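For reference, the structure is listed below as structure tokens.
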Amino acid sequence: MFMCGDMSLALIFGLLVTSCIGSGSTYTAAVYEHVVIRPDDPRAILSRMEALSIMHKNMDVFEKQVIKAKEKGAQIIVFPEDGMYGSGFTRATLLPFLEFIPSPRDFKWNPCKGPLFPHQIFDVQQRLSCMAKANNIYLAANMGDIKLCTKSEDMSCPSDGHYQYNTNVVYNSDGYLVARYHKQNLFELESTYFDKPKQCEFVTFVAPFGRFGVFTCFDIMFKDPALTLVEKYGVENIIFPAMWWNRNPQLIAVAFIQGWAMRMHVNILAADTRQLETFMGLTADAGSGIFSPDGAEAYYYDPQGRDGKLLVAEVSKPKKYSVEHLGKYHFPSLQESHDIFFSRAGNTIIKFVPLSGKSGNISVCFHSSCCHLEYVMQEYLSHELYALGAYTGLMPALRKLQVQICALFKCGSTSQGSCGVLTTTASTQFAYINLQGQFKTSYVFPTVVTTDNGLAVGEWAFTGTGILSSSGIMKPLLSAFLWGRMYAID
């Protein structure tokens, strides 16, 4: 692990460990989408033994999946965020689920062989370590870390005398702890029972089959640590435990993670928790996958599903890449379409122009940002309305993030006021799509979602500034989105 100021050290370290990485061009990865077993009431205080019983029930499931993954040839497996206990706690009710987790930078420790120091509470760490060792597999999981503190030595010390961290741990195939990461960007009410680290942590580790970076769920929306791990630390593979709250077709986990992998040219091993109970008015209906720069190698998203899902896929080492190599789109002399209208997506007003025929060439601008769409439908269906939208400002649903949006929407009905409203079904198929945006940032992330929450893998390409489908999208389209992230002005 390296803190923010240790970047040059990390780069030197990366050069030194290159010779330790195997020469193979592929490896086999597994992720497990888990239906979490959680307390009946996460806001009720349990004993350590009661908390441990819940975590062992979840790890019973994990252990079966490790064995299955190994039988399928997996060299690494990733389990999801909050997969040990779920969400919705208070600081006090989370406490019995926590264990002290040392940094592998400070200690070389194999929990399967015994405690690091006398009287250490490390039941969860020991079982995870022994799973990895017994099955000769790298294993990543998410749990809670506790760090004691006092006000006399640390003025930021919480009033209950300790820090609580949302933490990823990674064990190598011998059971040694090789990575520990404290989540930097906590999501909404999560910050009421977990603490944010004082400094961002850029956590990397090297396996015989590649160099990996580690971050968690909401981190993917921010520059640190996510972008920095790729751009400064040179990682080509990401360990990504998540508990993703899907809000609309444009922000379902599998679509956004696929787009991030394509833009950043990395492999992402994304394991998501399915929590059947509602929390914060939302359901964690998950979505997991193994993603590469070419798209999803394997993915799963079933909002109605009630079971866990193991995914295994072969992953290739990404080729050297720069987004500039994709080239630039030469916009035509843009003249904004005249039938402009505005509609609300959550708390955000987006500027739209409707698609008014079977084919077209239309544009819409929001301030100085413009979107251009060339399209051909297989058939124009008068009972469905599609619109091209543009927006610059705070991200819809996540109001702290600055974005530019260029998007093709399927509206909720034929009413223009329904554009931006959640919809999950469509009938219109597109024979050709060329969606391009003019952005003030090079960080543009594409998503394509079809009816039944498909990703249309292999049916479209990311051009650096847009989405191109020369041969069309087979399933009816819900949305084609370009998210331009303006990290510098968040």
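Quick note on naming: the chains in the structure tokens go A, B, ... in the order shown, residues restart at 1 in each chain, and ligands are numbered from 1 in order of appearance.
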At a cut-off of 12 Å, using only C-alpha atoms, what residues contact Leu422 (chain A)? Leave out same-chain residues fewer than 4 positions from it and give the result as an mmCIF file with N, CA and C atoms, in the first residue's frame.
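So out_1.cif came out as:
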data_model
loop_
_atom_site.group_PDB
_atom_site.id
_atom_site.type_symbol
_atom_site.label_atom_id
_atom_site.label_comp_id
_atom_site.auth_asym_id
_atom_site.auth_seq_id
_atom_site.Cartn_x
_atom_site.Cartn_y
_atom_site.Cartn_z
ATOM 1 N N ASN A 246 -28.582 0.083 -7.734
ATOM 2 C CA ASN A 246 -28.951 0.437 -9.106
ATOM 3 C C ASN A 246 -30.117 1.408 -9.098
ATOM 4 N N ARG A 247 -29.919 2.541 -9.797
ATOM 5 C CA ARG A 247 -30.910 3.617 -9.747
ATOM 6 C C ARG A 247 -31.706 3.762 -11.032
ATOM 7 N N ASN A 248 -31.145 3.442 -12.156
ATOM 8 C CA ASN A 248 -31.864 3.528 -13.433
ATOM 9 C C ASN A 248 -31.045 2.768 -14.467
ATOM 10 N N PRO A 249 -31.572 2.569 -15.676
ATOM 11 C CA PRO A 249 -30.809 1.776 -16.649
ATOM 12 C C PRO A 249 -29.442 2.352 -16.988
ATOM 13 N N GLN A 250 -29.259 3.651 -16.822
ATOM 14 C CA GLN A 250 -27.972 4.251 -17.164
ATOM 15 C C GLN A 250 -26.915 4.022 -16.079
ATOM 16 N N LEU A 251 -27.351 3.745 -14.858
ATOM 17 C CA LEU A 251 -26.407 3.572 -13.759
ATOM 18 C C LEU A 251 -26.468 2.175 -13.152
ATOM 19 N N ILE A 252 -26.917 1.176 -13.928
ATOM 20 C CA ILE A 252 -26.815 -0.173 -13.406
ATOM 21 C C ILE A 252 -25.341 -0.558 -13.379
ATOM 22 N N ARG A 344 -37.212 16.270 -16.858
ATOM 23 C CA ARG A 344 -36.510 16.047 -15.601
ATOM 24 C C ARG A 344 -36.057 14.591 -15.474
ATOM 25 N N ALA A 345 -34.798 14.400 -15.092
ATOM 26 C CA ALA A 345 -34.269 13.091 -14.705
ATOM 27 C C ALA A 345 -33.868 13.204 -13.243
ATOM 28 N N GLY A 346 -34.701 12.690 -12.358
ATOM 29 C CA GLY A 346 -34.468 12.909 -10.929
ATOM 30 C C GLY A 346 -34.610 14.377 -10.603
ATOM 31 N N PHE A 409 -31.925 8.358 -25.093
ATOM 32 C CA PHE A 409 -32.844 7.813 -24.099
ATOM 33 C C PHE A 409 -34.039 7.131 -24.761
ATOM 34 N N LYS A 410 -34.500 6.031 -24.184
ATOM 35 C CA LYS A 410 -35.853 5.534 -24.414
ATOM 36 C C LYS A 410 -36.727 6.174 -23.334
ATOM 37 N N CYS A 411 -37.740 6.934 -23.735
ATOM 38 C CA CYS A 411 -38.595 7.633 -22.776
ATOM 39 C C CYS A 411 -39.615 6.667 -22.183
ATOM 40 N N GLY A 412 -40.198 7.069 -21.054
ATOM 41 C CA GLY A 412 -41.126 6.193 -20.367
ATOM 42 C C GLY A 412 -42.439 5.992 -21.094
ATOM 43 N N SER A 413 -42.821 6.959 -21.923
ATOM 44 C CA SER A 413 -44.052 6.882 -22.704
ATOM 45 C C SER A 413 -43.873 7.778 -23.927
ATOM 46 N N GLY A 417 -42.481 14.598 -21.322
ATOM 47 C CA GLY A 417 -42.186 14.704 -19.899
ATOM 48 C C GLY A 417 -41.695 13.405 -19.273
ATOM 49 N N SER A 418 -41.822 12.305 -20.009
ATOM 50 C CA SER A 418 -41.383 11.006 -19.481
ATOM 51 C C SER A 418 -39.932 10.698 -19.826
ATOM 52 N N ALA A 426 -38.360 -1.996 -23.868
ATOM 53 C CA ALA A 426 -38.382 -1.297 -25.156
ATOM 54 C C ALA A 426 -38.658 -2.309 -26.252
ATOM 55 N N LEU A 478 -32.555 0.529 -24.590
ATOM 56 C CA LEU A 478 -33.032 1.405 -23.533
ATOM 57 C C LEU A 478 -32.250 2.706 -23.497
ATOM 58 N N SER A 479 -30.915 2.620 -23.630
ATOM 59 C CA SER A 479 -30.118 3.838 -23.588
ATOM 60 C C SER A 479 -28.729 3.599 -24.142
#
So that I can check the surroundings of Met55 (chain A), please list as a PyMOL selection string every protein, DNA and RNA residue that reaches within 12 Å of it, counting only C-alpha atoms and ignoring chain neighbours fewer than 3 positions away. chain A and resi 36-39+48-52+58-62+82-86+96-99+123-125+127-128+142-144
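The alpha helix (DSSP H) portion of region 212-311 of chain A consists of Thr228, Leu229, Val230, Glu231, Ala253, Val254, Ala255, Phe256, Ile257, Gln258, Gly259, Trp260, Ala261, Met262, Arg263 and Met264 of chain A, with states taken from DSSP on the backbone.
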Please identify all polymer residues within 12 Å of Val449 (chain A), counting only C-alpha atoms, omitting same-chain residues fewer than 4 positions from it, and present them as a PyMOL selection string. chain A and resi 248-256+258-259+301+407-410+423-426+453-457+459-460+473-482
Please identify every residue of region 232-254 of chain A that has at least one atom no farther than 10 Å from an atom of region 205-226 of chain A, counting only C-alpha atoms, and for each give the shortest atom pair and the distance in Å to one decimal, arranged by chain then increasing number, as a tab-separated table.
residue	atom	partner	partner_atom	distance
A:Tyr233	CA	A:Gly213	CA	8.5
A:Gly234	CA	A:Arg211	CA	8.1
A:Val235	CA	A:Phe212	CA	5.4
A:Glu236	CA	A:Arg211	CA	6.2
A:Asn237	CA	A:Phe212	CA	4.7
A:Ile238	CA	A:Gly213	CA	4.9
A:Ile239	CA	A:Val214	CA	4.8
A:Phe240	CA	A:Thr216	CA	5.4
A:Pro241	CA	A:Thr216	CA	5.4
A:Ala242	CA	A:Cys217	CA	4.3
A:Met243	CA	A:Cys217	CA	6.4
A:Trp244	CA	A:Cys217	CA	6.6
A:Trp245	CA	A:Cys217	CA	9.8
A:Ala253	CA	A:Cys217	CA	9.3
Selection from above, N, CA, C and O atoms, as a short mmCIF file (atom, residue, chain, number, x, y, z; two decimals), in the first residue's frame, can you write it?
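Contents of the output file out08.cif:
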data_model
loop_
_atom_site.label_atom_id
_atom_site.label_comp_id
_atom_site.auth_asym_id
_atom_site.auth_seq_id
_atom_site.Cartn_x
_atom_site.Cartn_y
_atom_site.Cartn_z
N TYR A 233 0.11 4.35 -11.19
CA TYR A 233 0.68 3.12 -10.63
C TYR A 233 0.73 1.98 -11.64
O TYR A 233 1.28 0.92 -11.36
N GLY A 234 0.12 2.17 -12.79
CA GLY A 234 0.26 1.22 -13.88
C GLY A 234 -0.44 -0.11 -13.69
O GLY A 234 -0.05 -1.11 -14.31
N VAL A 235 -1.47 -0.18 -12.84
CA VAL A 235 -2.17 -1.45 -12.68
C VAL A 235 -3.00 -1.74 -13.93
O VAL A 235 -3.51 -0.83 -14.60
N GLU A 236 -3.12 -3.02 -14.25
CA GLU A 236 -3.88 -3.46 -15.43
C GLU A 236 -5.11 -4.27 -15.04
O GLU A 236 -5.92 -4.62 -15.90
N ASN A 237 -5.22 -4.57 -13.75
CA ASN A 237 -6.33 -5.37 -13.24
C ASN A 237 -6.84 -4.74 -11.95
O ASN A 237 -6.06 -4.28 -11.12
N ILE A 238 -8.17 -4.73 -11.78
CA ILE A 238 -8.79 -4.10 -10.63
C ILE A 238 -9.61 -5.13 -9.86
O ILE A 238 -10.43 -5.85 -10.44
N ILE A 239 -9.37 -5.18 -8.54
CA ILE A 239 -10.23 -5.92 -7.62
C ILE A 239 -11.33 -4.97 -7.16
O ILE A 239 -11.04 -3.91 -6.58
N PHE A 240 -12.60 -5.34 -7.39
CA PHE A 240 -13.68 -4.38 -7.20
C PHE A 240 -14.87 -5.01 -6.47
O PHE A 240 -15.87 -5.37 -7.08
N PRO A 241 -14.79 -5.15 -5.13
CA PRO A 241 -15.99 -5.53 -4.37
C PRO A 241 -16.98 -4.36 -4.36
O PRO A 241 -16.57 -3.20 -4.25
N ALA A 242 -18.26 -4.68 -4.44
CA ALA A 242 -19.26 -3.61 -4.50
C ALA A 242 -20.56 -4.03 -3.83
O ALA A 242 -20.87 -5.22 -3.70
N MET A 243 -21.29 -3.03 -3.39
CA MET A 243 -22.70 -3.18 -3.04
C MET A 243 -23.42 -2.03 -3.72
O MET A 243 -23.60 -0.96 -3.18
N TRP A 244 -23.76 -2.25 -4.97
CA TRP A 244 -24.20 -1.19 -5.87
C TRP A 244 -25.72 -1.04 -5.82
O TRP A 244 -26.46 -1.99 -6.01
N TRP A 245 -26.16 0.19 -5.59
CA TRP A 245 -27.59 0.47 -5.54
C TRP A 245 -28.02 0.97 -6.92
O TRP A 245 -27.82 2.13 -7.27
N ALA A 253 -24.98 -1.36 -12.40
CA ALA A 253 -23.58 -1.65 -12.13
C ALA A 253 -22.86 -2.19 -13.35
O ALA A 253 -21.78 -1.70 -13.72
#
Residues near region 369-384 of chain A, anyone? I mean within 10 Å using only C-alpha atoms, not counting same-chain ones fewer than 3 positions away, as number ranges by chain. A: 331-332, 334-336, 355-366, 388-392, 404-408, 410-415, 426-440, 466-470, 472-474, 476, 482
Rounded to one decimal in Å, what is the spacing between CA of Gly458 (chain A) and CA of Ile290 (chain A)? 14.7 Å
Any idea what's packed within 7 Å of Ala271 (chain A), counting only C-alpha atoms, ignoring anything in its chain fewer than 5 positions away? Could you give it as a ChimeraX atom specification? /A:31-33,78-80,240-242,288-289
Nearest candidate to Pro102 (chain A) (options A:Tyr386, A:His182, A:Asp174, A:Ser343; using only C-alpha atoms): A:His182
Between CA of Val203 (chain A) and CA of Gln75 (chain A) lies a distance of 19.9 Å
Which of A:His265, A:Lys351, A:Lys151, A:Lys309 sits closest to Gly464 (chain A) [using only C-alpha atoms]: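 Ranking A:His265, A:Lys351, A:Lys151, A:Lys309 by distance to Gly464 (chain A), first place goes to A:His265.
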Which residues come within 7 Å of Gly175 (chain A), counting only C-alpha atoms, excluding same-chain residues fewer than 5 positions away, as a list in words? Asn110, Cys112, Ser129, Cys130, Ala132 and Lys133 of chain A
Saved selection, atoms kept: C-alpha atoms, as a compact mmCIF listing (two decimals), in the first residue's frame:
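In the end it all went to result.txt:
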# COMPACT_ATOMS: atom_id res chain seq x y z
CA ASN A 110 -0.36 -15.71 7.27
CA CYS A 112 -4.01 -19.51 8.64
CA SER A 129 -6.64 -17.12 4.69
CA CYS A 130 -7.16 -20.86 5.11
CA ALA A 132 -7.03 -19.35 -0.04
CA LYS A 133 -4.28 -21.69 1.17
Looking only at strand (DSSP E) from DSSP on the backbone, list the matching residues of region 164-291 of chain A as a PyMOL selection string. chain A and resi 164-171+177-182+201-207+210-214+237-242+267-279+282-284+288-291
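Between CA of Glu314 (chain A) and CA of Ile137 (chain A) the interatomic distance comes to 14.9 Å.
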